[in-house]
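**Q** One structure coming up, written as structure tokens, with questions to follow.
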Amino acid sequence: MGDAQDKDRLRTYRAKRRFERTREPRGARTKSGQEPGFVVQIHDASTMHFDFRLEVDGVLKSWSVPKGPSPDPHDKRLAMPTEDHPLEYRSFEGVIPEGEYGGGTVIVWDQGTYRPMSHDRRGRPVPFEESLERGHATFWLEGTKLRGAYALTRFRGRGGPEREAWLLVKAGRERSAARGTPDPQRARSARSGRTLRQVAADPEEVWDSGGGPEGRARS
Ligand code: MN
């Protein structure tokens, strides 16, 4: 996979942002770990929502999930695709300035790795990216909060992410002891333990946006 293709994949992401104004990562090429990662961010934008992102082939495939993922298999959560994000976005927590695209506060609600589980009707494994293209992908999440099998299923709008709608659902039959998702206003970051309010109160601080300790910009 060449740099040219990486740039192209993130073109929509970059076109929507002014990086001299926002501390979100620009998307330099970074090496991916052994296991693909996932992150769930809470984004207090004009409308509060969760951003669910899975690392696929060098970028973060992304869905905006208004109610957030639920550990209860009976909850079908609407997931609207958004543009691919750079891998470093996994660790982005901070304030996107008002007036900028996606302006508002972001915390990392959950993070971890995932294992692709997609199979075809005969039980043969399907490459994960292909399963997403087909509109049904299953995966096992190993997060600090979310753990277990989940499925993303497209139910509307082939032929362009803007027209698509998906459902994010916990797989399996058993009803989890954990119900729904926490109140976004009270939820704490899996990275820093901070709430949205605490992050919003300290907009100059960027935690780990470079993916390592040197990214901590507290002075
Ligand atoms: Mn968002």
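Each chain of the structure tokens is named A, B, ... in the order shown, its residues numbered from 1; ligands are numbered from 1 in display order.
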Which residues sit within 7 Å of ligand 1, counting only C-alpha atoms and all ligand atoms, listed as JSON, numbers by chain?
**A** {"A": [43, 45, 49, 50, 51, 64, 102]}
**Q** Do you know which residues are at most 9 Å from A:Leu196 counting only C-alpha atoms, after dropping those on the same chain fewer than 6 positions away, and could you put them as a list in words?
**A**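 Residues near the query, excluding close chain neighbours: Ile42, His43, Asp44, Gly94, Thr105, Val106, Ile107, Pro184, Gln185, Arg186, Ala187, Arg188 and Ser189 of chain A.
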**Q** Keeping C-alpha atoms, export the residues of the selection given above as a PDB file, in the first residue's frame.
**A**
```
ATOM      1  CA  ILE A  42     -18.001  10.426  22.544  1.00  0.00           C
ATOM      2  CA  HIS A  43     -18.342  13.613  20.534  1.00  0.00           C
ATOM      3  CA  ASP A  44     -20.245  16.496  22.051  1.00  0.00           C
ATOM      4  CA  GLY A  94      -9.667  17.169  23.040  1.00  0.00           C
ATOM      5  CA  THR A 105     -15.382  18.056  22.686  1.00  0.00           C
ATOM      6  CA  VAL A 106     -14.179  14.494  22.131  1.00  0.00           C
ATOM      7  CA  ILE A 107     -13.255  11.812  24.648  1.00  0.00           C
ATOM      8  CA  PRO A 184     -22.399  10.609  27.780  1.00  0.00           C
ATOM      9  CA  GLN A 185     -22.160  13.576  30.123  1.00  0.00           C
ATOM     10  CA  ARG A 186     -21.059  11.370  33.021  1.00  0.00           C
ATOM     11  CA  ALA A 187     -19.011   8.812  31.068  1.00  0.00           C
ATOM     12  CA  ARG A 188     -15.273   8.759  31.629  1.00  0.00           C
ATOM     13  CA  SER A 189     -12.471   8.407  29.115  1.00  0.00           C
TER      14      SER A 189
END
```
**Q** Give me, as a VMD selection string, all polymer residues having an atom no more than 7 Å from stretch 180-182 of chain A, counting only C-alpha atoms and skipping those fewer than 3 positions away in the same chain.
**A** chain A and resid 68 to 72 187
**Q** Using atom CA of A:Tyr89 and atom CA of A:Ala151 as the two end points, give the distance in Å to one decimal.
**A**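 Interatomic distance, atom CA of A:Tyr89 to atom CA of A:Ala151: 22.1 Å.
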**Q** For A:Val56, list every protein, DNA or RNA residue within 8 Å, evaluated using only C-alpha atoms, and leave out those in the same chain fewer than 5 positions away; present the list as a JSON list (two decimals) with N, CA and C atoms, in the first residue's frame.
**A**
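Listing of out.json after writing:
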```json
[["chain", "number", "residue", "atom", "x", "y", "z"],
["A", 36, "PRO", "N", -5.68, -5.37, 14.67],
["A", 36, "PRO", "CA", -6.32, -4.10, 14.35],
["A", 36, "PRO", "C", -7.02, -3.53, 15.57],
["A", 61, "LYS", "N", -12.14, 2.97, 9.62],
["A", 61, "LYS", "CA", -13.51, 3.01, 9.08],
["A", 61, "LYS", "C", -14.40, 3.54, 10.20],
["A", 128, "PHE", "N", -12.02, -9.05, 6.00],
["A", 128, "PHE", "CA", -12.88, -8.11, 6.71],
["A", 128, "PHE", "C", -13.35, -6.96, 5.82],
["A", 129, "GLU", "N", -12.42, -6.40, 5.04],
["A", 129, "GLU", "CA", -12.80, -5.27, 4.19],
["A", 129, "GLU", "C", -13.89, -5.69, 3.20]]
```
**Q** A:Gln111: which residues within 12 Å, counting only C-alpha atoms, same-chain residues fewer than 2 positions away excluded, as JSON, numbers by chain?
**A** {"A": [36, 37, 38, 39, 40, 41, 42, 51, 52, 53, 54, 55, 89, 90, 91, 92, 107, 108, 109, 113, 114, 141, 142, 143, 144, 145, 146, 147, 189, 190, 191, 192]}
**Q** So that I can check the surroundings of A:Thr12, please list as a tab-separated table (two decimals) with N, CA and C atoms, in the first residue's frame every protein, DNA and RNA residue that reaches within 10 Å of it, counting only C-alpha atoms and ignoring chain neighbours fewer than 4 positions away.
**A**
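selection.tsv, written as the output of this step:
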```tsv
chain	number	residue	atom	x	y	z
A	7	LYS	N	-2.99	8.86	1.10
A	7	LYS	CA	-3.40	10.26	1.01
A	7	LYS	C	-4.80	10.34	0.42
A	8	ASP	N	-5.00	9.54	-0.60
A	8	ASP	CA	-6.29	9.57	-1.27
A	8	ASP	C	-7.40	9.13	-0.33
A	16	LYS	N	-12.25	18.48	5.00
A	16	LYS	CA	-13.24	19.04	5.90
A	16	LYS	C	-12.63	19.81	7.06
A	17	ARG	N	-11.32	19.77	7.20
A	17	ARG	CA	-10.68	20.33	8.39
A	17	ARG	C	-9.62	21.36	8.05
A	82	THR	N	-19.30	7.65	8.29
A	82	THR	CA	-18.64	8.94	8.07
A	82	THR	C	-17.30	8.66	7.38
A	83	GLU	N	-16.59	9.71	7.05
A	83	GLU	CA	-15.36	9.53	6.25
A	83	GLU	C	-14.30	8.73	7.02
A	84	ASP	N	-13.45	8.02	6.28
A	84	ASP	CA	-12.32	7.32	6.89
A	84	ASP	C	-11.47	8.33	7.65
A	85	HIS	N	-10.99	7.91	8.82
A	85	HIS	CA	-10.13	8.76	9.64
A	85	HIS	C	-8.73	8.15	9.72
```
**Q** Report as a PDB file with all heavy atoms, in the first residue's frame all protein, DNA and RNA residues lying within 12 Å of A:Tyr101, evaluated on only C-alpha atoms, omitting residues in the same chain fewer than 4 positions from it.
**A**
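Okay, part03.pdb is ready:
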```pdb
ATOM      1  N   THR A  12     -11.088  13.137   1.934  1.00  0.00           N
ATOM      2  CA  THR A  12     -12.338  13.719   2.438  1.00  0.00           C
ATOM      3  C   THR A  12     -12.149  14.219   3.858  1.00  0.00           C
ATOM      4  O   THR A  12     -12.559  15.320   4.211  1.00  0.00           O
ATOM      5  CB  THR A  12     -13.472  12.677   2.404  1.00  0.00           C
ATOM      6  OG1 THR A  12     -13.561  12.152   1.081  1.00  0.00           O
ATOM      7  CG2 THR A  12     -14.799  13.302   2.784  1.00  0.00           C
ATOM      8  N   TYR A  13     -11.489  13.394   4.673  1.00  0.00           N
ATOM      9  CA  TYR A  13     -11.206  13.779   6.067  1.00  0.00           C
ATOM     10  C   TYR A  13     -10.457  15.107   6.105  1.00  0.00           C
ATOM     11  O   TYR A  13     -10.826  16.020   6.850  1.00  0.00           O
ATOM     12  CB  TYR A  13     -10.389  12.666   6.726  1.00  0.00           C
ATOM     13  CG  TYR A  13      -9.848  13.010   8.086  1.00  0.00           C
ATOM     14  CD1 TYR A  13     -10.608  12.783   9.228  1.00  0.00           C
ATOM     15  CD2 TYR A  13      -8.572  13.550   8.227  1.00  0.00           C
ATOM     16  CE1 TYR A  13     -10.111  13.092  10.484  1.00  0.00           C
ATOM     17  CE2 TYR A  13      -8.070  13.868   9.473  1.00  0.00           C
ATOM     18  CZ  TYR A  13      -8.836  13.635  10.598  1.00  0.00           C
ATOM     19  OH  TYR A  13      -8.330  13.946  11.838  1.00  0.00           O
ATOM     20  N   ARG A  14      -9.392  15.234   5.303  1.00  0.00           N
ATOM     21  CA  ARG A  14      -8.569  16.442   5.353  1.00  0.00           C
ATOM     22  C   ARG A  14      -9.294  17.649   4.772  1.00  0.00           C
ATOM     23  O   ARG A  14      -9.154  18.762   5.264  1.00  0.00           O
ATOM     24  CB  ARG A  14      -7.257  16.222   4.598  1.00  0.00           C
ATOM     25  CG  ARG A  14      -6.333  15.249   5.297  1.00  0.00           C
ATOM     26  CD  ARG A  14      -4.897  15.408   4.837  1.00  0.00           C
ATOM     27  NE  ARG A  14      -4.048  14.415   5.464  1.00  0.00           N
ATOM     28  CZ  ARG A  14      -3.696  13.275   4.874  1.00  0.00           C
ATOM     29  NH1 ARG A  14      -4.096  13.002   3.646  1.00  0.00           N
ATOM     30  NH2 ARG A  14      -2.942  12.418   5.516  1.00  0.00           N
ATOM     31  N   ALA A  15     -10.072  17.409   3.733  1.00  0.00           N
ATOM     32  CA  ALA A  15     -10.762  18.520   3.072  1.00  0.00           C
ATOM     33  C   ALA A  15     -11.752  19.203   4.007  1.00  0.00           C
ATOM     34  O   ALA A  15     -12.059  20.383   3.838  1.00  0.00           O
ATOM     35  CB  ALA A  15     -11.476  18.013   1.822  1.00  0.00           C
ATOM     36  N   LYS A  16     -12.247  18.482   5.000  1.00  0.00           N
ATOM     37  CA  LYS A  16     -13.245  19.037   5.899  1.00  0.00           C
ATOM     38  C   LYS A  16     -12.630  19.809   7.063  1.00  0.00           C
ATOM     39  O   LYS A  16     -13.350  20.389   7.857  1.00  0.00           O
ATOM     40  CB  LYS A  16     -14.124  17.910   6.463  1.00  0.00           C
ATOM     41  CG  LYS A  16     -15.029  17.295   5.422  1.00  0.00           C
ATOM     42  CD  LYS A  16     -15.895  16.213   6.028  1.00  0.00           C
ATOM     43  CE  LYS A  16     -16.946  15.773   5.024  1.00  0.00           C
ATOM     44  NZ  LYS A  16     -17.865  14.791   5.578  1.00  0.00           N
ATOM     45  N   ARG A  17     -11.320  19.766   7.197  1.00  0.00           N
ATOM     46  CA  ARG A  17     -10.684  20.330   8.386  1.00  0.00           C
ATOM     47  C   ARG A  17      -9.623  21.357   8.052  1.00  0.00           C
ATOM     48  O   ARG A  17      -8.939  21.242   7.051  1.00  0.00           O
ATOM     49  CB  ARG A  17     -10.035  19.188   9.193  1.00  0.00           C
ATOM     50  CG  ARG A  17     -11.068  18.323   9.868  1.00  0.00           C
ATOM     51  CD  ARG A  17     -10.461  17.015  10.363  1.00  0.00           C
ATOM     52  NE  ARG A  17     -11.473  16.257  11.099  1.00  0.00           N
ATOM     53  CZ  ARG A  17     -12.399  15.522  10.487  1.00  0.00           C
ATOM     54  NH1 ARG A  17     -12.405  15.401   9.173  1.00  0.00           N
ATOM     55  NH2 ARG A  17     -13.304  14.889  11.207  1.00  0.00           N
ATOM     56  N   ARG A  18      -9.456  22.351   8.949  1.00  0.00           N
ATOM     57  CA  ARG A  18      -8.346  23.302   8.844  1.00  0.00           C
ATOM     58  C   ARG A  18      -7.395  22.982   9.985  1.00  0.00           C
ATOM     59  O   ARG A  18      -7.690  23.274  11.155  1.00  0.00           O
ATOM     60  CB  ARG A  18      -8.869  24.730   8.937  1.00  0.00           C
ATOM     61  CG  ARG A  18      -9.721  25.091   7.717  1.00  0.00           C
ATOM     62  CD  ARG A  18     -10.113  26.539   7.742  1.00  0.00           C
ATOM     63  NE  ARG A  18     -11.122  26.794   8.768  1.00  0.00           N
ATOM     64  CZ  ARG A  18     -11.551  28.011   9.093  1.00  0.00           C
ATOM     65  NH1 ARG A  18     -11.040  29.068   8.508  1.00  0.00           N
ATOM     66  NH2 ARG A  18     -12.482  28.169  10.010  1.00  0.00           N
ATOM     67  N   PHE A  19      -6.266  22.395   9.663  1.00  0.00           N
ATOM     68  CA  PHE A  19      -5.402  21.861  10.721  1.00  0.00           C
ATOM     69  C   PHE A  19      -4.641  22.951  11.473  1.00  0.00           C
ATOM     70  O   PHE A  19      -4.055  22.683  12.511  1.00  0.00           O
ATOM     71  CB  PHE A  19      -4.476  20.784  10.154  1.00  0.00           C
ATOM     72  CG  PHE A  19      -5.246  19.568   9.728  1.00  0.00           C
ATOM     73  CD1 PHE A  19      -5.549  19.358   8.389  1.00  0.00           C
ATOM     74  CD2 PHE A  19      -5.729  18.673  10.669  1.00  0.00           C
ATOM     75  CE1 PHE A  19      -6.294  18.260   8.001  1.00  0.00           C
ATOM     76  CE2 PHE A  19      -6.486  17.582  10.291  1.00  0.00           C
ATOM     77  CZ  PHE A  19      -6.766  17.369   8.952  1.00  0.00           C
ATOM     78  N   ARG A  21      -6.309  25.230  12.757  1.00  0.00           N
ATOM     79  CA  ARG A  21      -7.313  25.606  13.754  1.00  0.00           C
ATOM     80  C   ARG A  21      -7.661  24.470  14.705  1.00  0.00           C
ATOM     81  O   ARG A  21      -8.117  24.701  15.812  1.00  0.00           O
ATOM     82  CB  ARG A  21      -8.601  26.063  13.062  1.00  0.00           C
ATOM     83  CG  ARG A  21      -8.437  27.236  12.123  1.00  0.00           C
ATOM     84  CD  ARG A  21      -8.262  28.540  12.893  1.00  0.00           C
ATOM     85  NE  ARG A  21      -9.274  28.725  13.923  1.00  0.00           N
ATOM     86  CZ  ARG A  21     -10.462  29.242  13.710  1.00  0.00           C
ATOM     87  NH1 ARG A  21     -10.802  29.631  12.507  1.00  0.00           N
ATOM     88  NH2 ARG A  21     -11.313  29.386  14.701  1.00  0.00           N
ATOM     89  N   THR A  22      -7.533  23.247  14.276  1.00  0.00           N
ATOM     90  CA  THR A  22      -7.964  22.121  15.105  1.00  0.00           C
ATOM     91  C   THR A  22      -6.764  21.254  15.450  1.00  0.00           C
ATOM     92  O   THR A  22      -5.812  21.158  14.672  1.00  0.00           O
ATOM     93  CB  THR A  22      -9.050  21.288  14.397  1.00  0.00           C
ATOM     94  OG1 THR A  22      -9.419  20.191  15.234  1.00  0.00           O
ATOM     95  CG2 THR A  22      -8.578  20.759  13.046  1.00  0.00           C
ATOM     96  N   ARG A  23      -6.840  20.651  16.644  1.00  0.00           N
ATOM     97  CA  ARG A  23      -5.741  19.795  17.075  1.00  0.00           C
ATOM     98  C   ARG A  23      -5.936  18.338  16.685  1.00  0.00           C
ATOM     99  O   ARG A  23      -5.165  17.463  17.098  1.00  0.00           O
ATOM    100  CB  ARG A  23      -5.577  19.891  18.596  1.00  0.00           C
ATOM    101  CG  ARG A  23      -5.031  21.229  19.043  1.00  0.00           C
ATOM    102  CD  ARG A  23      -5.151  21.363  20.548  1.00  0.00           C
ATOM    103  NE  ARG A  23      -4.630  22.646  21.002  1.00  0.00           N
ATOM    104  CZ  ARG A  23      -3.363  22.837  21.357  1.00  0.00           C
ATOM    105  NH1 ARG A  23      -2.509  21.832  21.322  1.00  0.00           N
ATOM    106  NH2 ARG A  23      -2.958  24.018  21.758  1.00  0.00           N
ATOM    107  N   GLU A  24      -6.964  18.070  15.898  1.00  0.00           N
ATOM    108  CA  GLU A  24      -7.148  16.703  15.411  1.00  0.00           C
ATOM    109  C   GLU A  24      -5.939  16.308  14.549  1.00  0.00           C
ATOM    110  O   GLU A  24      -5.334  17.156  13.910  1.00  0.00           O
ATOM    111  CB  GLU A  24      -8.405  16.611  14.537  1.00  0.00           C
ATOM    112  CG  GLU A  24      -9.689  16.845  15.297  1.00  0.00           C
ATOM    113  CD  GLU A  24     -10.835  17.104  14.341  1.00  0.00           C
ATOM    114  OE1 GLU A  24     -10.870  18.187  13.729  1.00  0.00           O
ATOM    115  OE2 GLU A  24     -11.683  16.221  14.207  1.00  0.00           O
ATOM    116  N   ALA A  45     -20.783  17.304  19.836  1.00  0.00           N
ATOM    117  CA  ALA A  45     -20.875  18.285  18.747  1.00  0.00           C
ATOM    118  C   ALA A  45     -22.263  18.921  18.795  1.00  0.00           C
ATOM    119  O   ALA A  45     -22.924  18.890  19.832  1.00  0.00           O
ATOM    120  CB  ALA A  45     -20.613  17.592  17.416  1.00  0.00           C
ATOM    121  N   SER A  46     -22.717  19.478  17.689  1.00  0.00           N
ATOM    122  CA  SER A  46     -24.049  20.101  17.688  1.00  0.00           C
ATOM    123  C   SER A  46     -25.092  19.092  18.164  1.00  0.00           C
ATOM    124  O   SER A  46     -26.048  19.443  18.844  1.00  0.00           O
ATOM    125  CB  SER A  46     -24.383  20.642  16.302  1.00  0.00           C
ATOM    126  OG  SER A  46     -24.221  19.632  15.330  1.00  0.00           O
ATOM    127  N   VAL A  95     -10.568  19.229  22.225  1.00  0.00           N
ATOM    128  CA  VAL A  95     -11.620  20.142  21.807  1.00  0.00           C
ATOM    129  C   VAL A  95     -11.382  20.564  20.367  1.00  0.00           C
ATOM    130  O   VAL A  95     -10.319  21.086  20.032  1.00  0.00           O
ATOM    131  CB  VAL A  95     -11.666  21.382  22.724  1.00  0.00           C
ATOM    132  CG1 VAL A  95     -12.745  22.355  22.251  1.00  0.00           C
ATOM    133  CG2 VAL A  95     -11.922  20.967  24.177  1.00  0.00           C
ATOM    134  N   ILE A  96     -12.363  20.314  19.510  1.00  0.00           N
ATOM    135  CA  ILE A  96     -12.336  20.809  18.136  1.00  0.00           C
ATOM    136  C   ILE A  96     -13.003  22.183  18.178  1.00  0.00           C
ATOM    137  O   ILE A  96     -14.119  22.308  18.685  1.00  0.00           O
ATOM    138  CB  ILE A  96     -13.099  19.856  17.192  1.00  0.00           C
ATOM    139  CG1 ILE A  96     -12.482  18.446  17.247  1.00  0.00           C
ATOM    140  CG2 ILE A  96     -13.100  20.396  15.763  1.00  0.00           C
ATOM    141  CD1 ILE A  96     -13.349  17.370  16.607  1.00  0.00           C
ATOM    142  N   PRO A  97     -12.302  23.224  17.701  1.00  0.00           N
ATOM    143  CA  PRO A  97     -12.851  24.583  17.860  1.00  0.00           C
ATOM    144  C   PRO A  97     -14.239  24.737  17.247  1.00  0.00           C
ATOM    145  O   PRO A  97     -14.550  24.144  16.220  1.00  0.00           O
ATOM    146  CB  PRO A  97     -11.837  25.456  17.121  1.00  0.00           C
ATOM    147  CG  PRO A  97     -10.581  24.652  17.090  1.00  0.00           C
ATOM    148  CD  PRO A  97     -11.004  23.217  17.022  1.00  0.00           C
ATOM    149  N   THR A 105     -16.341  18.797  21.860  1.00  0.00           N
ATOM    150  CA  THR A 105     -15.382  18.056  22.686  1.00  0.00           C
ATOM    151  C   THR A 105     -15.452  16.558  22.391  1.00  0.00           C
ATOM    152  O   THR A 105     -16.535  16.022  22.150  1.00  0.00           O
ATOM    153  CB  THR A 105     -15.700  18.308  24.171  1.00  0.00           C
ATOM    154  OG1 THR A 105     -15.757  19.721  24.383  1.00  0.00           O
ATOM    155  CG2 THR A 105     -14.648  17.711  25.080  1.00  0.00           C
TER     156      THR A 105
END
```
**Q** Would you please work out which residue, of A:Pro66, A:Pro81, A:Pro86, A:Gly135, is nearest to A:Glu164 when using only C-alpha atoms?
**A**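 Distance minimum relative to A:Glu164 lands on A:Pro81.
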**Q** DSSP on the backbone: what in stretch 156-202 of chain A comes out helix (DSSP H, G or I), as a PyMOL selection string?
**A** chain A and resi 161-163+196-200
**Q** Would you mind exporting the chosen residues as a PDB file, in the first residue's frame, restricted to C-alpha atoms?
**A**
```pdb
ATOM      1  CA  PRO A 161     -21.517   6.195   2.133  1.00  0.00           C
ATOM      2  CA  GLU A 162     -23.685   9.350   2.360  1.00  0.00           C
ATOM      3  CA  ARG A 163     -26.777   7.323   1.552  1.00  0.00           C
ATOM      4  CA  LEU A 196     -16.349  15.630  28.505  1.00  0.00           C
ATOM      5  CA  ARG A 197     -16.659  18.531  30.898  1.00  0.00           C
ATOM      6  CA  GLN A 198     -13.118  18.118  32.210  1.00  0.00           C
ATOM      7  CA  VAL A 199     -11.696  17.934  28.700  1.00  0.00           C
ATOM      8  CA  ALA A 200     -13.730  20.962  27.596  1.00  0.00           C
TER       9      ALA A 200
END
```
